[in-house]
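Here's coords_1.pdb, which has PDB, C-alpha atoms, pLDDT in the B column:
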ATOM      1  CA  MET A   1     309.194  63.030 204.199  1.00 84.00           C
ATOM      2  CA  ALA A   2     310.955  63.730 207.441  1.00 97.00           C
ATOM      3  CA  TYR A   3     311.669  61.073 210.031  1.00 98.00           C
ATOM      4  CA  GLY A   4     310.362  61.287 213.579  1.00 98.00           C
ATOM      5  CA  TYR A   5     311.453  59.432 216.662  1.00 98.00           C
ATOM      6  CA  ILE A   6     310.033  59.361 220.175  1.00 98.00           C
ATOM      7  CA  GLY A   7     312.278  57.660 222.687  1.00 98.00           C
ATOM      8  CA  SER A   8     312.101  57.264 226.438  1.00 98.00           C
ATOM      9  CA  MET A   9     314.681  56.067 228.915  1.00 98.00           C
ATOM     10  CA  LYS A  10     314.519  55.343 232.613  1.00 98.00           C
ATOM     11  CA  THR A  11     317.390  56.531 234.784  1.00 98.00           C
ATOM     12  CA  GLN A  12     318.845  55.148 237.977  1.00 98.00           C
ATOM     13  CA  PRO A  13     317.479  56.979 241.063  1.00 96.00           C
ATOM     14  CA  GLY A  14     319.032  60.428 241.407  1.00 96.00           C
ATOM     15  CA  LYS A  15     320.637  60.342 237.951  1.00 98.00           C
ATOM     16  CA  ARG A  16     317.894  61.902 235.858  1.00 98.00           C
ATOM     17  CA  ASP A  17     319.317  65.420 235.803  1.00 97.00           C
ATOM     18  CA  ASP A  18     322.816  64.176 234.957  1.00 98.00           C
ATOM     19  CA  VAL A  19     321.465  62.315 231.944  1.00 98.00           C
ATOM     20  CA  VAL A  20     319.370  65.325 230.898  1.00 98.00           C
ATOM     21  CA  ALA A  21     322.523  67.468 230.965  1.00 98.00           C
ATOM     22  CA  ILE A  22     324.321  65.006 228.675  1.00 97.00           C
ATOM     23  CA  LEU A  23     321.397  64.955 226.235  1.00 97.00           C
ATOM     24  CA  LEU A  24     321.149  68.758 226.167  1.00 97.00           C
ATOM     25  CA  SER A  25     324.891  69.327 225.802  1.00 94.00           C
ATOM     26  CA  GLY A  26     324.981  68.066 222.246  1.00 89.00           C
ATOM     27  CA  ALA A  27     321.536  69.133 221.063  1.00 93.00           C
ATOM     28  CA  GLU A  28     322.433  72.333 219.208  1.00 91.00           C
ATOM     29  CA  SER A  29     325.200  70.618 217.231  1.00 92.00           C
ATOM     30  CA  LEU A  30     322.697  68.121 215.828  1.00 95.00           C
ATOM     31  CA  ARG A  31     321.318  70.802 213.521  1.00 95.00           C
ATOM     32  CA  ASP A  32     324.338  70.386 211.239  1.00 95.00           C
ATOM     33  CA  LEU A  33     323.665  66.641 211.059  1.00 96.00           C
ATOM     34  CA  GLY A  34     320.166  66.997 209.607  1.00 97.00           C
ATOM     35  CA  CYS A  35     318.221  67.323 212.851  1.00 97.00           C
ATOM     36  CA  ARG A  36     315.266  69.743 212.915  1.00 96.00           C
ATOM     37  CA  ASN A  37     313.998  69.084 216.419  1.00 96.00           C
ATOM     38  CA  TYR A  38     315.533  67.399 219.459  1.00 97.00           C
ATOM     39  CA  VAL A  39     313.346  68.138 222.458  1.00 98.00           C
ATOM     40  CA  VAL A  40     314.298  66.750 225.865  1.00 98.00           C
ATOM     41  CA  SER A  41     311.487  66.380 228.408  1.00 98.00           C
ATOM     42  CA  LEU A  42     310.655  64.861 231.765  1.00 98.00           C
ATOM     43  CA  ALA A  43     307.720  62.491 232.040  1.00 97.00           C
ATOM     44  CA  CYS A  44     304.987  63.829 234.314  1.00 93.00           C
ATOM     45  CA  ASP A  45     304.015  60.307 235.353  1.00 92.00           C
ATOM     46  CA  ASP A  46     307.441  58.997 236.406  1.00 95.00           C
ATOM     47  CA  PRO A  47     310.245  60.898 238.219  1.00 95.00           C
ATOM     48  CA  ASP A  48     312.982  58.805 236.577  1.00 97.00           C
ATOM     49  CA  THR A  49     311.853  58.823 232.946  1.00 98.00           C
ATOM     50  CA  ILE A  50     313.203  61.126 230.224  1.00 98.00           C
ATOM     51  CA  VAL A  51     311.417  61.479 226.880  1.00 98.00           C
ATOM     52  CA  VAL A  52     313.125  62.756 223.725  1.00 98.00           C
ATOM     53  CA  THR A  53     311.093  63.765 220.661  1.00 98.00           C
ATOM     54  CA  GLU A  54     313.071  64.184 217.460  1.00 98.00           C
ATOM     55  CA  VAL A  55     312.556  65.270 213.835  1.00 98.00           C
ATOM     56  CA  TRP A  56     315.276  64.523 211.263  1.00 98.00           C
ATOM     57  CA  ASP A  57     315.620  65.114 207.537  1.00 97.00           C
ATOM     58  CA  SER A  58     315.666  61.319 207.137  1.00 98.00           C
ATOM     59  CA  LYS A  59     316.131  58.095 209.082  1.00 97.00           C
ATOM     60  CA  GLU A  60     319.606  57.877 207.554  1.00 97.00           C
ATOM     61  CA  HIS A  61     320.541  61.234 209.106  1.00 97.00           C
ATOM     62  CA  HIS A  62     319.297  60.019 212.488  1.00 97.00           C
ATOM     63  CA  ASP A  63     321.152  56.723 212.314  1.00 96.00           C
ATOM     64  CA  ALA A  64     324.380  58.368 211.123  1.00 96.00           C
ATOM     65  CA  SER A  65     324.286  60.837 214.011  1.00 95.00           C
ATOM     66  CA  LEU A  66     324.511  57.961 216.474  1.00 94.00           C
ATOM     67  CA  ARG A  67     327.794  56.860 214.918  1.00 94.00           C
ATOM     68  CA  SER A  68     329.612  60.162 215.523  1.00 91.00           C
ATOM     69  CA  PRO A  69     332.438  60.123 218.112  1.00 92.00           C
ATOM     70  CA  GLU A  70     330.540  62.699 220.202  1.00 91.00           C
ATOM     71  CA  ALA A  71     327.395  60.560 220.273  1.00 93.00           C
ATOM     72  CA  LYS A  72     329.309  57.416 221.143  1.00 94.00           C
ATOM     73  CA  GLU A  73     331.032  59.194 224.028  1.00 95.00           C
ATOM     74  CA  ALA A  74     327.742  60.639 225.310  1.00 94.00           C
ATOM     75  CA  ILE A  75     326.069  57.231 225.143  1.00 94.00           C
ATOM     76  CA  ALA A  76     328.972  55.586 226.965  1.00 96.00           C
ATOM     77  CA  THR A  77     328.814  58.211 229.714  1.00 97.00           C
ATOM     78  CA  ALA A  78     325.054  58.007 230.131  1.00 97.00           C
ATOM     79  CA  MET A  79     324.602  54.260 229.888  1.00 97.00           C
ATOM     80  CA  PRO A  80     325.670  53.371 233.475  1.00 98.00           C
ATOM     81  CA  MET A  81     323.090  55.883 234.745  1.00 98.00           C
ATOM     82  CA  LEU A  82     320.228  54.146 232.897  1.00 98.00           C
ATOM     83  CA  THR A  83     318.205  51.132 233.997  1.00 98.00           C
ATOM     84  CA  GLY A  84     318.006  49.610 230.516  1.00 97.00           C
ATOM     85  CA  GLU A  85     314.268  50.285 230.212  1.00 97.00           C
ATOM     86  CA  PHE A  86     313.743  52.040 226.884  1.00 97.00           C
ATOM     87  CA  THR A  87     310.786  52.662 224.610  1.00 97.00           C
ATOM     88  CA  SER A  88     310.923  53.923 221.033  1.00 97.00           C
ATOM     89  CA  ARG A  89     308.519  54.808 218.270  1.00 97.00           C
ATOM     90  CA  GLU A  90     309.396  55.677 214.689  1.00 97.00           C
ATOM     91  CA  LEU A  91     307.242  58.133 212.765  1.00 98.00           C
ATOM     92  CA  VAL A  92     306.787  59.569 209.293  1.00 98.00           C
ATOM     93  CA  VAL A  93     306.556  63.335 209.826  1.00 98.00           C
ATOM     94  CA  VAL A  94     304.045  64.945 207.474  1.00 97.00           C
ATOM     95  CA  GLY A  95     304.293  68.570 208.619  1.00 97.00           C
ATOM     96  CA  GLY A  96     303.196  71.125 211.141  1.00 96.00           C
ATOM     97  CA  LEU A  97     304.642  74.014 213.093  1.00 95.00           C
ATOM     98  CA  GLY A  98     308.385  73.496 213.624  1.00 90.00           C
ATOM     99  CA  ALA A  99     308.512  70.256 211.650  1.00 89.00           C
TER     100      ALA A  99
ATOM    101  CA  MET B   1     309.415  75.357 231.892  1.00 84.00           C
ATOM    102  CA  ALA B   2     307.619  74.602 228.679  1.00 97.00           C
ATOM    103  CA  TYR B   3     304.833  72.079 228.409  1.00 98.00           C
ATOM    104  CA  GLY B   4     304.991  69.073 226.122  1.00 98.00           C
ATOM    105  CA  TYR B   5     302.256  66.815 224.885  1.00 98.00           C
ATOM    106  CA  ILE B   6     302.363  63.636 222.823  1.00 98.00           C
ATOM    107  CA  GLY B   7     298.981  62.519 221.572  1.00 98.00           C
ATOM    108  CA  SER B   8     297.887  59.770 219.233  1.00 98.00           C
ATOM    109  CA  MET B   9     294.556  59.120 217.605  1.00 98.00           C
ATOM    110  CA  LYS B  10     293.267  56.248 215.501  1.00 98.00           C
ATOM    111  CA  THR B  11     291.209  57.058 212.427  1.00 98.00           C
ATOM    112  CA  GLN B  12     288.445  55.180 210.701  1.00 98.00           C
ATOM    113  CA  PRO B  13     289.743  53.197 207.694  1.00 96.00           C
ATOM    114  CA  GLY B  14     290.520  55.496 204.766  1.00 96.00           C
ATOM    115  CA  LYS B  15     290.148  58.681 206.822  1.00 98.00           C
ATOM    116  CA  ARG B  16     293.730  59.171 208.004  1.00 98.00           C
ATOM    117  CA  ASP B  17     294.742  61.685 205.359  1.00 97.00           C
ATOM    118  CA  ASP B  18     291.557  63.727 205.824  1.00 98.00           C
ATOM    119  CA  VAL B  19     292.287  64.040 209.541  1.00 98.00           C
ATOM    120  CA  VAL B  20     295.943  64.888 208.861  1.00 98.00           C
ATOM    121  CA  ALA B  21     294.797  67.709 206.575  1.00 98.00           C
ATOM    122  CA  ILE B  22     292.580  69.129 209.317  1.00 97.00           C
ATOM    123  CA  LEU B  23     295.418  68.979 211.854  1.00 97.00           C
ATOM    124  CA  LEU B  24     297.866  70.658 209.470  1.00 97.00           C
ATOM    125  CA  SER B  25     295.461  73.373 208.357  1.00 94.00           C
ATOM    126  CA  GLY B  26     295.588  75.179 211.671  1.00 89.00           C
ATOM    127  CA  ALA B  27     299.158  74.420 212.705  1.00 93.00           C
ATOM    128  CA  GLU B  28     300.859  77.668 211.694  1.00 91.00           C
ATOM    129  CA  SER B  29     298.264  79.799 213.451  1.00 92.00           C
ATOM    130  CA  LEU B  30     299.061  78.079 216.755  1.00 95.00           C
ATOM    131  CA  ARG B  31     302.309  80.047 217.006  1.00 95.00           C
ATOM    132  CA  ASP B  32     300.370  83.131 218.075  1.00 95.00           C
ATOM    133  CA  LEU B  33     298.715  81.104 220.833  1.00 96.00           C
ATOM    134  CA  GLY B  34     301.973  80.161 222.554  1.00 97.00           C
ATOM    135  CA  CYS B  35     302.790  77.025 220.573  1.00 97.00           C
ATOM    136  CA  ARG B  36     306.447  76.363 219.728  1.00 96.00           C
ATOM    137  CA  ASN B  37     306.092  72.999 218.010  1.00 96.00           C
ATOM    138  CA  TYR B  38     303.130  71.110 216.581  1.00 97.00           C
ATOM    139  CA  VAL B  39     304.431  68.185 214.562  1.00 98.00           C
ATOM    140  CA  VAL B  40     301.976  65.860 212.822  1.00 98.00           C
ATOM    141  CA  SER B  41     303.230  62.355 212.013  1.00 98.00           C
ATOM    142  CA  LEU B  42     302.069  58.943 210.875  1.00 98.00           C
ATOM    143  CA  ALA B  43     302.826  55.923 213.022  1.00 97.00           C
ATOM    144  CA  CYS B  44     305.103  53.444 211.257  1.00 93.00           C
ATOM    145  CA  ASP B  45     303.491  50.545 213.094  1.00 92.00           C
ATOM    146  CA  ASP B  46     299.829  51.263 212.299  1.00 95.00           C
ATOM    147  CA  PRO B  47     298.346  52.625 209.051  1.00 95.00           C
ATOM    148  CA  ASP B  48     295.444  54.329 210.846  1.00 97.00           C
ATOM    149  CA  THR B  49     297.265  56.066 213.681  1.00 98.00           C
ATOM    150  CA  ILE B  50     298.325  59.733 213.731  1.00 98.00           C
ATOM    151  CA  VAL B  51     300.784  61.042 216.330  1.00 98.00           C
ATOM    152  CA  VAL B  52     301.073  64.715 217.271  1.00 98.00           C
ATOM    153  CA  THR B  53     304.031  66.004 219.309  1.00 98.00           C
ATOM    154  CA  GLU B  54     303.622  69.476 220.757  1.00 98.00           C
ATOM    155  CA  VAL B  55     305.621  72.052 222.731  1.00 98.00           C
ATOM    156  CA  TRP B  56     303.802  74.998 224.312  1.00 98.00           C
ATOM    157  CA  ASP B  57     304.867  77.946 226.464  1.00 97.00           C
ATOM    158  CA  SER B  58     302.702  76.454 229.233  1.00 98.00           C
ATOM    159  CA  LYS B  59     299.912  73.958 229.832  1.00 97.00           C
ATOM    160  CA  GLU B  60     297.559  76.923 230.151  1.00 97.00           C
ATOM    161  CA  HIS B  61     298.417  78.015 226.599  1.00 97.00           C
ATOM    162  CA  HIS B  62     297.740  74.492 225.338  1.00 97.00           C
ATOM    163  CA  ASP B  63     294.432  74.167 227.140  1.00 96.00           C
ATOM    164  CA  ALA B  64     293.272  77.621 226.047  1.00 96.00           C
ATOM    165  CA  SER B  65     294.023  76.825 222.401  1.00 95.00           C
ATOM    166  CA  LEU B  66     291.492  73.988 222.495  1.00 94.00           C
ATOM    167  CA  ARG B  67     288.759  76.449 223.459  1.00 94.00           C
ATOM    168  CA  SER B  68     289.154  78.651 220.366  1.00 91.00           C
ATOM    169  CA  PRO B  69     286.306  78.599 217.818  1.00 92.00           C
ATOM    170  CA  GLU B  70     288.714  77.303 215.155  1.00 91.00           C
ATOM    171  CA  ALA B  71     289.823  74.411 217.340  1.00 93.00           C
ATOM    172  CA  LYS B  72     286.278  73.512 218.294  1.00 94.00           C
ATOM    173  CA  GLU B  73     285.248  73.455 214.637  1.00 95.00           C
ATOM    174  CA  ALA B  74     288.268  71.335 213.662  1.00 94.00           C
ATOM    175  CA  ILE B  75     287.573  68.868 216.453  1.00 94.00           C
ATOM    176  CA  ALA B  76     283.909  68.620 215.488  1.00 96.00           C
ATOM    177  CA  THR B  77     284.847  67.941 211.864  1.00 97.00           C
ATOM    178  CA  ALA B  78     287.481  65.341 212.699  1.00 97.00           C
ATOM    179  CA  MET B  79     285.675  63.484 215.458  1.00 97.00           C
ATOM    180  CA  PRO B  80     283.377  61.355 213.222  1.00 98.00           C
ATOM    181  CA  MET B  81     286.496  60.162 211.370  1.00 98.00           C
ATOM    182  CA  LEU B  82     288.146  58.873 214.573  1.00 98.00           C
ATOM    183  CA  THR B  83     287.605  55.552 216.316  1.00 98.00           C
ATOM    184  CA  GLY B  84     287.784  57.009 219.816  1.00 97.00           C
ATOM    185  CA  GLU B  85     291.108  55.322 220.573  1.00 97.00           C
ATOM    186  CA  PHE B  86     293.422  58.020 221.912  1.00 97.00           C
ATOM    187  CA  THR B  87     296.648  58.050 223.898  1.00 97.00           C
ATOM    188  CA  SER B  88     298.236  61.063 225.564  1.00 97.00           C
ATOM    189  CA  ARG B  89     301.328  61.879 227.576  1.00 97.00           C
ATOM    190  CA  GLU B  90     302.120  65.151 229.291  1.00 97.00           C
ATOM    191  CA  LEU B  91     305.736  66.288 229.599  1.00 98.00           C
ATOM    192  CA  VAL B  92     307.847  68.969 231.218  1.00 98.00           C
ATOM    193  CA  VAL B  93     310.105  70.240 228.437  1.00 98.00           C
ATOM    194  CA  VAL B  94     313.599  71.050 229.687  1.00 97.00           C
ATOM    195  CA  GLY B  95     315.251  72.132 226.439  1.00 97.00           C
ATOM    196  CA  GLY B  96     316.943  71.025 223.281  1.00 96.00           C
ATOM    197  CA  LEU B  97     317.022  71.948 219.615  1.00 95.00           C
ATOM    198  CA  GLY B  98     313.717  73.554 218.596  1.00 90.00           C
ATOM    199  CA  ALA B  99     312.235  73.427 222.100  1.00 89.00           C
TER     200      ALA B  99
END
How does this structure look as structure tokens?
Amino acid sequence: MAYGYIGSMKTQPGKRDDVVAILLSGAESLRDLGCRNYVVSLACDDPDTIVVTEVWDSKEHHDASLRSPEAKEAIATAMPMLTGEFTSRELVVVGGLGA
Amino acid sequence: MAYGYIGSMKTQPGKRDDVVAILLSGAESLRDLGCRNYVVSLACDDPDTIVVTEVWDSKEHHDASLRSPEAKEAIATAMPMLTGEFTSRELVVVGGLGA
């Protein structure tokens, strides 16, 4: 079954939109890496928190995507704009619309 | 911008798959109600927890969908199989693959 991931990250004040732009810039290219969904959102309850919900063909596809040169560069660019407060949740996707 | 929702529910022991089936049965029909994504998943960290990640054209579309006869019937059928432990998070979806 497909692999799901919900991650959140907190950004330094004023940096949220810069980090969102980095996350969105590579989203379409993830399709070729086995990604079905990569949805970038803003938390309603915190002005500095970004939430990403993802569906991948497998956990291996997800993990491999993080090792690409593009991902490493994006992470390196974004990291100084983050506070280091992350949450993550792994899921087994069973189906649904858009899964 | 689009509206996102992440909800989790805990099921009575042995009832998880029955509730998953109810959630999946109506998923495709949600497209006509303004739903872009309705992904049903199992939590990796709890055998009785289901997580649903949703993207809708607007919060109004989401809220209206819960008032349909089909939704009311599904909720009434599922409710006795749930423990009453829910979590929810509302999001402002800014984009991404499948958003």
Can you work out the spacing between atom CA of A:Asp32 and atom CA of B:Leu42 in Å, to one decimal?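 Going from atom CA of A:Asp32 over to atom CA of B:Leu42 covers 25.0 Å.
Between atom CA of B:Ile6 and atom CA of B:Ala99 the interatomic distance comes to 13.9 Å.
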Quick one: pull the distance between atom CA of B:Val39 and atom CA of A:Arg36, Å, one decimal.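 Those two atoms sit 11.1 Å apart.
Near stretch 25-30 of chain B, within a cut-off of 6 Å and counting only C-alpha atoms, sit the residues Gly96 and Leu97 of chain A; Ala21 and Cys35 of chain B, with same-chain residues fewer than 4 positions away left out.
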Specify as a PyMOL selection string all residues of chain A found within 12 Å of chain B, counting all atoms listed in the file. chain A and resi 1-8+16-17+19-32+34-47+49-56+88-99
Please output stretch 84-95 of chain B, rebuilt to include all heavy atoms, as a CSV table (one decimal), in the coordinates of the input.
chain,number,residue,atom,x,y,z
B,84,GLY,N,287.9,56.8,218.4
B,84,GLY,CA,287.8,57.0,219.8
B,84,GLY,C,289.0,56.4,220.6
B,84,GLY,O,289.0,56.6,221.8
B,85,GLU,N,289.9,55.8,219.9
B,85,GLU,CA,291.1,55.3,220.6
B,85,GLU,C,292.2,56.4,220.6
B,85,GLU,O,292.8,56.7,219.5
B,85,GLU,CB,291.6,54.1,219.9
B,85,GLU,CG,290.6,52.9,219.9
B,85,GLU,CD,290.9,51.8,218.9
B,85,GLU,OE1,291.7,51.0,219.1
B,85,GLU,OE2,290.3,52.0,217.8
B,86,PHE,N,292.4,57.0,221.8
B,86,PHE,CA,293.4,58.0,221.9
B,86,PHE,C,294.5,57.6,222.9
B,86,PHE,O,294.2,56.8,223.8
B,86,PHE,CB,292.8,59.3,222.4
B,86,PHE,CG,291.7,59.9,221.6
B,86,PHE,CD1,290.4,59.6,221.8
B,86,PHE,CD2,292.0,60.7,220.5
B,86,PHE,CE1,289.4,60.1,221.0
B,86,PHE,CE2,291.0,61.3,219.7
B,86,PHE,CZ,289.7,61.0,220.0
B,87,THR,N,295.7,58.1,222.8
B,87,THR,CA,296.6,58.0,223.9
B,87,THR,C,297.2,59.5,224.1
B,87,THR,O,297.1,60.3,223.2
B,87,THR,CB,297.8,57.1,223.6
B,87,THR,OG1,298.7,57.7,222.6
B,87,THR,CG2,297.4,55.7,223.2
B,88,SER,N,297.7,59.8,225.3
B,88,SER,CA,298.2,61.1,225.6
B,88,SER,C,299.3,61.0,226.6
B,88,SER,O,299.2,60.1,227.5
B,88,SER,CB,297.2,62.1,226.0
B,88,SER,OG,296.6,61.7,227.2
B,89,ARG,N,300.3,61.8,226.5
B,89,ARG,CA,301.3,61.9,227.6
B,89,ARG,C,301.7,63.3,227.7
B,89,ARG,O,302.1,64.0,226.8
B,89,ARG,CB,302.5,61.0,227.2
B,89,ARG,CG,303.6,60.9,228.2
B,89,ARG,CD,304.6,59.9,227.9
B,89,ARG,NE,305.2,59.4,229.2
B,89,ARG,CZ,306.1,58.4,229.2
B,89,ARG,NH1,306.5,57.9,228.1
B,89,ARG,NH2,306.6,58.0,230.4
B,90,GLU,N,301.7,63.8,229.0
B,90,GLU,CA,302.1,65.2,229.3
B,90,GLU,C,303.6,65.2,229.7
B,90,GLU,O,304.0,64.2,230.4
B,90,GLU,CB,301.2,65.7,230.4
B,90,GLU,CG,299.8,65.9,230.0
B,90,GLU,CD,299.0,66.6,231.1
B,90,GLU,OE1,298.7,66.0,232.1
B,90,GLU,OE2,298.6,67.8,230.8
B,91,LEU,N,304.3,66.2,229.3
B,91,LEU,CA,305.7,66.3,229.6
B,91,LEU,C,306.1,67.7,230.1
B,91,LEU,O,305.5,68.7,229.8
B,91,LEU,CB,306.5,66.0,228.3
B,91,LEU,CG,306.3,64.7,227.6
B,91,LEU,CD1,306.9,64.7,226.2
B,91,LEU,CD2,306.8,63.5,228.4
B,92,VAL,N,307.2,67.7,230.9
B,92,VAL,CA,307.8,69.0,231.2
B,92,VAL,C,309.1,69.1,230.3
B,92,VAL,O,310.0,68.3,230.4
B,92,VAL,CB,308.3,69.0,232.7
B,92,VAL,CG1,309.0,70.3,233.0
B,92,VAL,CG2,307.1,68.8,233.6
B,93,VAL,N,309.0,70.1,229.4
B,93,VAL,CA,310.1,70.2,228.4
B,93,VAL,C,311.3,71.0,229.1
B,93,VAL,O,311.1,72.1,229.7
B,93,VAL,CB,309.6,71.0,227.2
B,93,VAL,CG1,310.8,71.3,226.2
B,93,VAL,CG2,308.5,70.2,226.5
B,94,VAL,N,312.5,70.4,229.0
B,94,VAL,CA,313.6,71.0,229.7
B,94,VAL,C,314.5,71.7,228.7
B,94,VAL,O,315.4,72.6,229.1
B,94,VAL,CB,314.4,70.1,230.6
B,94,VAL,CG1,313.6,69.7,231.8
B,94,VAL,CG2,314.8,68.8,229.8
B,95,GLY,N,314.4,71.4,227.4
B,95,GLY,CA,315.3,72.1,226.4
B,95,GLY,C,315.6,71.3,225.2
B,95,GLY,O,314.9,70.3,225.0
